[in-house]
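coords_1.pdb follows; it contains PDB, C-alpha atoms.
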ATOM      1  CA  MET A  16      60.312  11.026 -52.072
ATOM      2  CA  GLN A  17      59.959   8.074 -49.736
ATOM      3  CA  ASN A  18      61.926   9.294 -46.710
ATOM      4  CA  LEU A  19      62.949  12.385 -44.798
ATOM      5  CA  GLU A  20      66.175  13.407 -43.179
ATOM      6  CA  SER A  21      66.503  12.290 -39.603
ATOM      7  CA  ASP A  22      66.863  14.766 -36.787
ATOM      8  CA  GLY A  23      70.169  16.556 -36.634
ATOM      9  CA  GLY A  24      70.937  15.977 -40.312
ATOM     10  CA  GLU A  25      72.101  12.404 -39.764
ATOM     11  CA  SER A  26      72.746  10.359 -42.879
ATOM     12  CA  ALA A  27      70.116   7.705 -42.149
ATOM     13  CA  PRO A  28      66.705   8.903 -43.408
ATOM     14  CA  ARG A  29      63.435   8.404 -41.602
ATOM     15  CA  ALA A  30      60.904   6.179 -43.327
ATOM     16  CA  LEU A  31      57.444   7.462 -44.228
ATOM     17  CA  VAL A  32      54.372   5.551 -43.051
ATOM     18  CA  PHE A  33      51.171   6.613 -44.807
ATOM     19  CA  PHE A  34      48.020   5.917 -42.846
ATOM     20  CA  ASP A  35      44.293   6.600 -42.808
ATOM     21  CA  LEU A  36      41.200   5.966 -40.720
ATOM     22  CA  GLU A  37      37.596   5.265 -41.637
ATOM     23  CA  THR A  38      35.144   6.273 -38.940
ATOM     24  CA  THR A  39      31.510   6.102 -37.898
ATOM     25  CA  GLY A  40      31.009   9.722 -38.908
ATOM     26  CA  LEU A  41      32.444  13.207 -38.608
ATOM     27  CA  GLY A  42      30.980  14.330 -35.311
ATOM     28  CA  PRO A  43      32.559  14.715 -31.859
ATOM     29  CA  ASN A  44      31.734  11.145 -30.804
ATOM     30  CA  CYS A  45      32.766   9.278 -33.964
ATOM     31  CA  GLU A  46      34.833   6.112 -33.611
ATOM     32  CA  ILE A  47      37.391   4.219 -35.675
ATOM     33  CA  ILE A  48      36.130   1.412 -37.924
ATOM     34  CA  GLN A  49      39.165   0.786 -40.151
ATOM     35  CA  LEU A  50      42.851   1.621 -39.789
ATOM     36  CA  ALA A  51      45.303   1.108 -42.645
ATOM     37  CA  ALA A  52      48.976   1.924 -43.137
ATOM     38  CA  VAL A  53      51.483   1.522 -45.966
ATOM     39  CA  SER A  54      55.225   2.040 -46.222
ATOM     40  CA  GLY A  55      56.871   0.919 -49.442
ATOM     41  CA  GLY A  56      55.657  -2.629 -50.000
ATOM     42  CA  HIS A  57      54.579  -3.160 -46.385
ATOM     43  CA  SER A  58      50.922  -2.721 -45.451
ATOM     44  CA  LEU A  59      48.521  -3.039 -42.535
ATOM     45  CA  ASN A  60      44.728  -3.167 -42.742
ATOM     46  CA  LEU A  61      42.568  -3.756 -39.663
ATOM     47  CA  TYR A  62      38.907  -3.390 -38.693
ATOM     48  CA  VAL A  63      37.062  -2.921 -35.408
ATOM     49  CA  VAL A  64      33.375  -3.125 -34.514
ATOM     50  CA  PRO A  65      32.533   0.356 -33.207
ATOM     51  CA  HIS A  66      30.329   0.999 -30.208
ATOM     52  CA  ALA A  67      28.878   4.143 -31.762
ATOM     53  CA  ARG A  68      26.220   3.978 -34.453
ATOM     54  CA  ILE A  69      27.546   4.409 -37.989
ATOM     55  CA  GLU A  70      26.000   7.581 -39.375
ATOM     56  CA  ARG A  71      23.949   7.216 -42.530
ATOM     57  CA  GLY A  72      26.265   9.425 -44.581
ATOM     58  CA  ALA A  73      29.353   7.527 -43.452
ATOM     59  CA  ALA A  74      27.716   4.170 -44.169
ATOM     60  CA  LYS A  75      26.796   5.336 -47.654
ATOM     61  CA  VAL A  76      30.331   6.336 -48.662
ATOM     62  CA  THR A  77      32.261   3.589 -46.839
ATOM     63  CA  GLY A  78      29.903   0.616 -47.216
ATOM     64  CA  PHE A  79      30.227  -0.357 -43.534
ATOM     65  CA  LYS A  80      27.333  -1.742 -41.496
ATOM     66  CA  VAL A  81      27.102  -3.393 -38.089
ATOM     67  CA  CYS A  82      24.565  -6.176 -37.624
ATOM     68  CA  ARG A  83      24.335  -8.329 -34.498
ATOM     69  CA  HIS A  84      27.730  -7.124 -33.298
ATOM     70  CA  ARG A  85      29.409  -8.087 -36.565
ATOM     71  CA  LEU A  86      30.968  -5.694 -39.072
ATOM     72  CA  PHE A  87      30.047  -5.922 -42.738
ATOM     73  CA  LEU A  88      31.688  -4.185 -45.689
ATOM     74  CA  ARG A  89      29.419  -4.006 -48.722
ATOM     75  CA  HIS A  90      27.340  -6.854 -47.284
ATOM     76  CA  GLN A  91      30.375  -9.094 -46.699
ATOM     77  CA  PRO A  92      31.507  -9.902 -43.134
ATOM     78  CA  VAL A  93      35.040  -8.789 -42.257
ATOM     79  CA  PHE A  94      37.395 -10.057 -39.573
ATOM     80  CA  THR A  95      37.681  -7.602 -36.691
ATOM     81  CA  ASN A  96      39.900  -6.950 -33.689
ATOM     82  CA  THR A  97      39.419  -4.878 -30.567
ATOM     83  CA  LEU A  98      40.420  -1.237 -30.693
ATOM     84  CA  ARG A  99      43.353  -1.970 -28.402
ATOM     85  CA  GLU A 100      44.534  -4.770 -30.692
ATOM     86  CA  ILE A 101      44.495  -2.617 -33.814
ATOM     87  CA  LEU A 102      46.308   0.259 -32.091
ATOM     88  CA  VAL A 103      48.956  -2.090 -30.687
ATOM     89  CA  SER A 104      49.368  -3.596 -34.166
ATOM     90  CA  PHE A 105      49.684  -0.089 -35.623
ATOM     91  CA  ILE A 106      52.418   0.765 -33.135
ATOM     92  CA  ALA A 107      54.212  -2.508 -33.921
ATOM     93  CA  PHE A 108      53.963  -1.739 -37.655
ATOM     94  CA  PHE A 109      55.791   1.556 -37.519
ATOM     95  CA  GLN A 110      58.249   0.284 -34.912
ATOM     96  CA  MET A 111      59.698  -1.750 -37.799
ATOM     97  CA  PHE A 112      60.870   1.522 -39.336
ATOM     98  CA  LYS A 113      62.652   3.098 -36.341
ATOM     99  CA  GLN A 114      60.670   6.246 -35.569
ATOM    100  CA  PRO A 115      59.178   7.013 -38.982
ATOM    101  CA  PHE A 116      57.186  10.061 -40.009
ATOM    102  CA  LEU A 117      53.429   9.436 -40.130
ATOM    103  CA  VAL A 118      51.838  10.909 -43.253
ATOM    104  CA  CYS A 119      48.122  11.487 -43.796
ATOM    105  CA  HIS A 120      45.775  13.910 -45.570
ATOM    106  CA  ASN A 121      44.164  16.329 -43.078
ATOM    107  CA  ILE A 122      45.771  14.444 -40.205
ATOM    108  CA  ARG A 123      46.091  17.500 -37.963
ATOM    109  CA  HIS A 124      42.407  18.363 -37.820
ATOM    110  CA  PHE A 125      40.746  14.979 -38.168
ATOM    111  CA  ASP A 126      42.769  11.777 -37.854
ATOM    112  CA  CYS A 127      45.181  12.914 -35.131
ATOM    113  CA  PRO A 128      42.607  14.257 -32.651
ATOM    114  CA  LEU A 129      40.588  11.068 -33.065
ATOM    115  CA  LEU A 130      43.691   8.897 -32.755
ATOM    116  CA  VAL A 131      44.929  10.771 -29.683
ATOM    117  CA  ARG A 132      41.578  10.315 -27.976
ATOM    118  CA  ALA A 133      41.667   6.553 -28.569
ATOM    119  CA  LEU A 134      45.311   6.267 -27.457
ATOM    120  CA  ASP A 135      44.640   8.231 -24.276
ATOM    121  CA  ARG A 136      41.600   6.127 -23.417
ATOM    122  CA  LEU A 137      43.624   2.919 -23.737
ATOM    123  CA  GLU A 138      46.777   4.389 -22.122
ATOM    124  CA  LEU A 139      48.853   3.841 -25.269
ATOM    125  CA  ARG A 140      49.764   7.479 -25.937
ATOM    126  CA  GLU A 141      53.293   7.299 -24.513
ATOM    127  CA  GLN A 142      54.132   4.067 -26.352
ATOM    128  CA  PHE A 143      52.798   5.529 -29.600
ATOM    129  CA  GLY A 144      54.592   8.847 -29.219
ATOM    130  CA  SER A 145      57.965   7.283 -28.475
ATOM    131  CA  SER A 146      57.764   5.170 -31.649
ATOM    132  CA  VAL A 147      57.297   7.973 -34.189
ATOM    133  CA  SER A 148      59.308  11.050 -35.095
ATOM    134  CA  ALA A 149      56.475  13.367 -36.121
ATOM    135  CA  CYS A 150      53.392  13.678 -38.310
ATOM    136  CA  VAL A 151      53.119  15.244 -41.770
ATOM    137  CA  ASP A 152      49.829  16.696 -43.014
ATOM    138  CA  THR A 153      49.658  16.440 -46.801
ATOM    139  CA  LEU A 154      46.613  18.718 -47.101
ATOM    140  CA  PRO A 155      48.396  22.024 -46.347
ATOM    141  CA  LEU A 156      51.556  20.579 -47.887
ATOM    142  CA  ALA A 157      49.775  19.990 -51.208
ATOM    143  CA  ARG A 158      48.259  23.468 -51.054
ATOM    144  CA  GLU A 159      51.737  24.967 -50.763
ATOM    145  CA  VAL A 160      53.512  22.768 -53.306
ATOM    146  CA  LEU A 161      50.704  23.026 -55.880
ATOM    147  CA  SER A 162      49.753  26.648 -55.254
ATOM    148  CA  GLY A 163      50.473  27.608 -58.863
ATOM    149  CA  ARG A 164      48.332  24.891 -60.432
ATOM    150  CA  ASN A 165      44.984  26.714 -60.038
ATOM    151  CA  LEU A 166      43.332  23.589 -58.631
ATOM    152  CA  GLN A 167      39.701  23.847 -57.528
ATOM    153  CA  SER A 168      39.979  21.208 -54.803
ATOM    154  CA  PHE A 169      42.731  19.727 -52.685
ATOM    155  CA  SER A 170      40.793  16.660 -51.600
ATOM    156  CA  GLN A 171      42.960  13.579 -51.892
ATOM    157  CA  GLU A 172      40.643  11.848 -54.352
ATOM    158  CA  LYS A 173      40.590  14.849 -56.704
ATOM    159  CA  LEU A 174      44.344  15.391 -56.445
ATOM    160  CA  VAL A 175      44.961  11.753 -57.382
ATOM    161  CA  ARG A 176      42.616  12.093 -60.355
ATOM    162  CA  GLU A 177      44.160  15.391 -61.469
ATOM    163  CA  LEU A 178      47.848  14.542 -61.012
ATOM    164  CA  LEU A 179      47.938  10.784 -61.566
ATOM    165  CA  GLY A 180      44.960  10.379 -63.905
ATOM    166  CA  VAL A 181      43.655   7.617 -61.658
ATOM    167  CA  ASN A 182      40.249   6.879 -60.153
ATOM    168  CA  TYR A 183      40.481   4.641 -57.115
ATOM    169  CA  LYS A 184      38.164   3.213 -54.461
ATOM    170  CA  ALA A 185      38.162   6.184 -52.109
ATOM    171  CA  HIS A 186      36.808   5.908 -48.547
ATOM    172  CA  ASP A 187      38.514   2.561 -48.099
ATOM    173  CA  ALA A 188      41.452   3.258 -45.775
ATOM    174  CA  LEU A 189      43.826   0.822 -47.482
ATOM    175  CA  GLU A 190      43.079   2.166 -50.952
ATOM    176  CA  ASP A 191      43.378   5.712 -49.636
ATOM    177  CA  VAL A 192      46.863   5.165 -48.191
ATOM    178  CA  ARG A 193      48.100   3.402 -51.310
ATOM    179  CA  ALA A 194      46.863   6.331 -53.388
ATOM    180  CA  LEU A 195      48.413   8.842 -50.974
ATOM    181  CA  GLN A 196      51.786   7.123 -51.190
ATOM    182  CA  MET A 197      51.694   7.464 -54.994
ATOM    183  CA  LEU A 198      50.474  11.055 -54.766
ATOM    184  CA  TYR A 199      53.285  12.025 -52.397
ATOM    185  CA  THR A 200      55.853  10.670 -54.843
ATOM    186  CA  VAL A 201      54.365  12.746 -57.665
ATOM    187  CA  ILE A 202      54.129  15.958 -55.619
ATOM    188  CA  GLN A 203      57.826  15.689 -54.648
ATOM    189  CA  PRO A 204      57.902  18.276 -51.844
ATOM    190  CA  THR A 205      61.231  19.642 -50.678
ATOM    191  CA  ALA A 206      62.496  18.837 -47.193
ATOM    192  CA  GLU A 207      61.844  22.441 -46.145
ATOM    193  CA  GLN A 208      58.261  22.350 -47.419
ATOM    194  CA  VAL A 209      57.629  19.124 -45.532
ATOM    195  CA  ARG A 210      59.170  20.565 -42.375
ATOM    196  CA  ARG A 211      56.683  23.444 -42.398
ATOM    197  CA  HIS A 212      53.793  20.977 -42.219
ATOM    198  CA  THR A 213      55.277  18.613 -39.655
ATOM    199  CA  PHE A 214      54.100  18.460 -36.046
ATOM    200  CA  THR A 215      54.101  16.154 -33.032
ATOM    201  CA  LEU A 216      51.190  14.553 -31.208
ATOM    202  CA  ASP A 217      51.893  16.794 -28.232
ATOM    203  CA  SER A 218      50.930  19.806 -30.332
ATOM    204  CA  VAL A 219      47.565  18.358 -31.327
ATOM    205  CA  GLU A 220      44.628  19.970 -29.602
ATOM    206  CA  ARG A 221      42.742  17.315 -27.693
ATOM    207  CA  LYS A 222      39.512  17.745 -29.561
ATOM    208  CA  THR A 223      37.615  15.240 -31.624
ATOM    209  CA  ALA A 224      36.776  15.250 -35.307
ATOM    210  CA  PHE A 225      34.377  17.846 -36.616
ATOM    211  CA  SER A 226      31.848  18.149 -39.364
ATOM    212  CA  THR A 227      33.878  20.227 -41.862
ATOM    213  CA  LYS A 228      35.936  17.281 -43.007
ATOM    214  CA  ASP A 229      34.669  17.537 -46.575
ATOM    215  CA  ALA A 230      35.402  21.258 -46.845
ATOM    216  CA  SER A 231      38.880  20.800 -45.422
ATOM    217  CA  GLY A 232      39.933  18.476 -48.230
ATOM    218  CA  LYS A 233      39.774  15.103 -46.519
ATOM    219  CA  VAL A 234      37.019  13.690 -48.704
TER     220      VAL A 234
END
As structure tokens, how would this structure be written, given the file I've shared?
Amino acid sequence: MQNLESDGGESAPRALVFFDLETTGLGPNCEIIQLAAVSGGHSLNLYVVPHARIERGAAKVTGFKVCRHRLFLRHQPVFTNTLREILVSFIAFFQMFKQPFLVCHNIRHFDCPLLVRALDRLELREQFGSSVSACVDTLPLAREVLSGRNLQSFSQEKLVRELLGVNYKAHDALEDVRALQMLYTVIQPTAEQVRRHTFTLDSVERKTAFSTKDASGKV
């Protein structure tokens, strides 16, 4: 399933844009390091040098390190943009799809609060909100759709391994969104199931990420 019905039951479906963030950690002051998005064969992958220190645990799983104001990924320098530039590019990416649905795993309790905070700080919230239809959280969606499978974990990495038989480079935002796009196709939720796990940015509590990300199924 690569689209959803548009509002009002119109014939033209809304596109799905899968996205993910990698951050400096899981605490209340964590910052974005990488933002990636995929829709069909289109992709976006951008990096930013964070102001906050990358926590040891985050550095271990993501491979990111900042040295002399440069960002390195597994000891290789990567090209970076400012936070404003990557958010503007993100908005431009999904503007290609005419108000798509944004899809992410645990988006409601981690990615969205962090994203909203960054958008508000840079006064991009209104522009962002007017360019998307809504957000879909695949964590509770997967729990509902797969409730009869007796799965021990609903983390994205373990779901991909269980349902697709694939091991991928998790904790890299681009690899994560590519895997999520495949996973979503395999899960095949109904429109009604998706609707129950859809929300808007206005409904997101303005709080930052918290340290139960692993338990919630994100990792």
Hits from the PyMOL selection byres ((chain A and resi 35) around 12), listed as a VMD selection string
chain A and resid 32 to 34 36 to 38 47 to 53 58 to 61 105 117 to 122 125 to 127 129 to 130 152 to 153 171 185 to 196 233 to 234
Output C-alpha atoms of each residue in that selection to a file, as a compact mmCIF listing (two decimals), keeping the file's coordinate frame.
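Final output, saved to again.txt:
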# COMPACT_ATOMS: atom_id res chain seq x y z
CA VAL A 32 54.37 5.55 -43.05
CA PHE A 33 51.17 6.61 -44.81
CA PHE A 34 48.02 5.92 -42.85
CA LEU A 36 41.20 5.97 -40.72
CA GLU A 37 37.60 5.26 -41.64
CA THR A 38 35.14 6.27 -38.94
CA ILE A 47 37.39 4.22 -35.67
CA ILE A 48 36.13 1.41 -37.92
CA GLN A 49 39.16 0.79 -40.15
CA LEU A 50 42.85 1.62 -39.79
CA ALA A 51 45.30 1.11 -42.64
CA ALA A 52 48.98 1.92 -43.14
CA VAL A 53 51.48 1.52 -45.97
CA SER A 58 50.92 -2.72 -45.45
CA LEU A 59 48.52 -3.04 -42.54
CA ASN A 60 44.73 -3.17 -42.74
CA LEU A 61 42.57 -3.76 -39.66
CA PHE A 105 49.68 -0.09 -35.62
CA LEU A 117 53.43 9.44 -40.13
CA VAL A 118 51.84 10.91 -43.25
CA CYS A 119 48.12 11.49 -43.80
CA HIS A 120 45.78 13.91 -45.57
CA ASN A 121 44.16 16.33 -43.08
CA ILE A 122 45.77 14.44 -40.20
CA PHE A 125 40.75 14.98 -38.17
CA ASP A 126 42.77 11.78 -37.85
CA CYS A 127 45.18 12.91 -35.13
CA LEU A 129 40.59 11.07 -33.06
CA LEU A 130 43.69 8.90 -32.76
CA ASP A 152 49.83 16.70 -43.01
CA THR A 153 49.66 16.44 -46.80
CA GLN A 171 42.96 13.58 -51.89
CA ALA A 185 38.16 6.18 -52.11
CA HIS A 186 36.81 5.91 -48.55
CA ASP A 187 38.51 2.56 -48.10
CA ALA A 188 41.45 3.26 -45.78
CA LEU A 189 43.83 0.82 -47.48
CA GLU A 190 43.08 2.17 -50.95
CA ASP A 191 43.38 5.71 -49.64
CA VAL A 192 46.86 5.16 -48.19
CA ARG A 193 48.10 3.40 -51.31
CA ALA A 194 46.86 6.33 -53.39
CA LEU A 195 48.41 8.84 -50.97
CA GLN A 196 51.79 7.12 -51.19
CA LYS A 233 39.77 15.10 -46.52
CA VAL A 234 37.02 13.69 -48.70
Among listed residues A:Leu166, A:Met197, A:Ala67, A:Val151, nearest Val181 (chain A) (using only C-alpha atoms):
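Result for the nearest residue to Val181 (chain A): A:Met197.
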To one decimal place in Å, what is the distance between CA of Val64 (chain A) and CA of Gly42 (chain A)?
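Computing it gives 17.6 Å between the two atoms.
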Would you mind telling me which residue in A:Phe116, A:Thr77, A:Val63, A:Val201 lies nearest to Val93 (chain A) when using all atoms listed in the file?
A:Val63
Contacts of Glu159 (chain A) within 10 Å, only C-alpha atoms, excl. fewer than 6 positions in-chain, as a list of chain:residue names:
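Residues near the query, excluding close chain neighbours: A:Thr153, A:Pro204, A:Gln208, A:Val209, A:Arg211, A:His212.
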Apply the PyMOL selection byres ((chain A and resi 100) around 12) to the file shown and report the selected residues as a ChimeraX atom specification.
/A:50,61-64,95-99,101-107,133-134,137,139
Give me, as a Markdown table, each residue of region 50-154 of chain A that comes within 12 Å of region 28-31 of chain A, together with its shortest interatomic pair and the distance in Å at one decimal, counting all atoms listed in the file, with rows ordered by chain and rising residue number.
| residue | atom | partner | partner_atom | distance |
| --- | --- | --- | --- | --- |
| A:Ala52 | CA | A:Leu31 | CA | 10.2 |
| A:Val53 | CA | A:Leu31 | CA | 8.6 |
| A:Ser54 | CA | A:Leu31 | CA | 6.2 |
| A:Gly55 | CA | A:Leu31 | CA | 8.4 |
| A:Gly56 | CA | A:Leu31 | CA | 11.8 |
| A:His57 | CA | A:Leu31 | CA | 11.2 |
| A:Phe108 | CA | A:Leu31 | CA | 11.8 |
| A:Phe109 | CA | A:Ala30 | CA | 9.0 |
| A:Gln110 | CA | A:Ala30 | CA | 10.6 |
| A:Met111 | CA | A:Ala30 | CA | 9.7 |
| A:Phe112 | CA | A:Ala30 | CA | 6.1 |
| A:Lys113 | CA | A:Arg29 | CA | 7.5 |
| A:Gln114 | CA | A:Arg29 | CA | 7.0 |
| A:Pro115 | CA | A:Ala30 | CA | 4.7 |
| A:Phe116 | CA | A:Leu31 | CA | 5.0 |
| A:Leu117 | CA | A:Leu31 | CA | 6.1 |
| A:Val118 | CA | A:Leu31 | CA | 6.7 |
| A:Cys119 | CA | A:Leu31 | CA | 10.2 |
| A:Ser146 | CA | A:Arg29 | CA | 11.9 |
| A:Val147 | CA | A:Arg29 | CA | 9.6 |
| A:Ser148 | CA | A:Arg29 | CA | 8.1 |
| A:Ala149 | CA | A:Leu31 | CA | 10.1 |
| A:Cys150 | CA | A:Leu31 | CA | 9.5 |
| A:Val151 | CA | A:Leu31 | CA | 9.2 |
Take the residues from that selection and write them out as a CSV table (one decimal), keeping the file's coordinate frame, keeping C-alpha atoms.
chain,number,residue,atom,x,y,z
A,52,ALA,CA,49.0,1.9,-43.1
A,53,VAL,CA,51.5,1.5,-46.0
A,54,SER,CA,55.2,2.0,-46.2
A,55,GLY,CA,56.9,0.9,-49.4
A,56,GLY,CA,55.7,-2.6,-50.0
A,57,HIS,CA,54.6,-3.2,-46.4
A,108,PHE,CA,54.0,-1.7,-37.7
A,109,PHE,CA,55.8,1.6,-37.5
A,110,GLN,CA,58.2,0.3,-34.9
A,111,MET,CA,59.7,-1.8,-37.8
A,112,PHE,CA,60.9,1.5,-39.3
A,113,LYS,CA,62.7,3.1,-36.3
A,114,GLN,CA,60.7,6.2,-35.6
A,115,PRO,CA,59.2,7.0,-39.0
A,116,PHE,CA,57.2,10.1,-40.0
A,117,LEU,CA,53.4,9.4,-40.1
A,118,VAL,CA,51.8,10.9,-43.3
A,119,CYS,CA,48.1,11.5,-43.8
A,146,SER,CA,57.8,5.2,-31.6
A,147,VAL,CA,57.3,8.0,-34.2
A,148,SER,CA,59.3,11.0,-35.1
A,149,ALA,CA,56.5,13.4,-36.1
A,150,CYS,CA,53.4,13.7,-38.3
A,151,VAL,CA,53.1,15.2,-41.8
Work out how far apart CA of Glu207 (chain A) and CA of Val160 (chain A) are and give it in Å to one decimal.
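Separation between CA of Glu207 (chain A) and CA of Val160 (chain A): 11.0 Å.
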Find the distance between CA of Asp217 (chain A) and CA of Pro155 (chain A) and write it in Å to one decimal.
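We find that CA of Asp217 (chain A) and CA of Pro155 (chain A) lie 19.2 Å from each other.
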Set up a box along x, y and z of the file covering all listed atoms of region 139-152 of chain A, add 8 Å on every one of the six sides, and write the centre and edge lengths in Å to one decimal, as lines of an AutoDock Vina configuration file.
center_x = 54.1
center_y = 10.3
center_z = -33.8
size_x = 26.5
size_y = 28.9
size_z = 34.5
Go through A:Ser162, A:Ser218, A:Asn44, A:Thr39 one by one, measure the shortest atom-to-atom distance of each to Leu86 (chain A) using all atoms listed in the file, and give the residue with the smallest value.
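Of A:Ser162, A:Ser218, A:Asn44, A:Thr39, the one nearest Leu86 (chain A) is A:Thr39, counting all atoms listed in the file.
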A:Val175, A:Gln167, A:Gly40, A:Asp135 ranked by distance to Gly72 (chain A), top pick (using all atoms listed in the file):
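Answer, going by the shortest atom-to-atom distance: A:Gly40.
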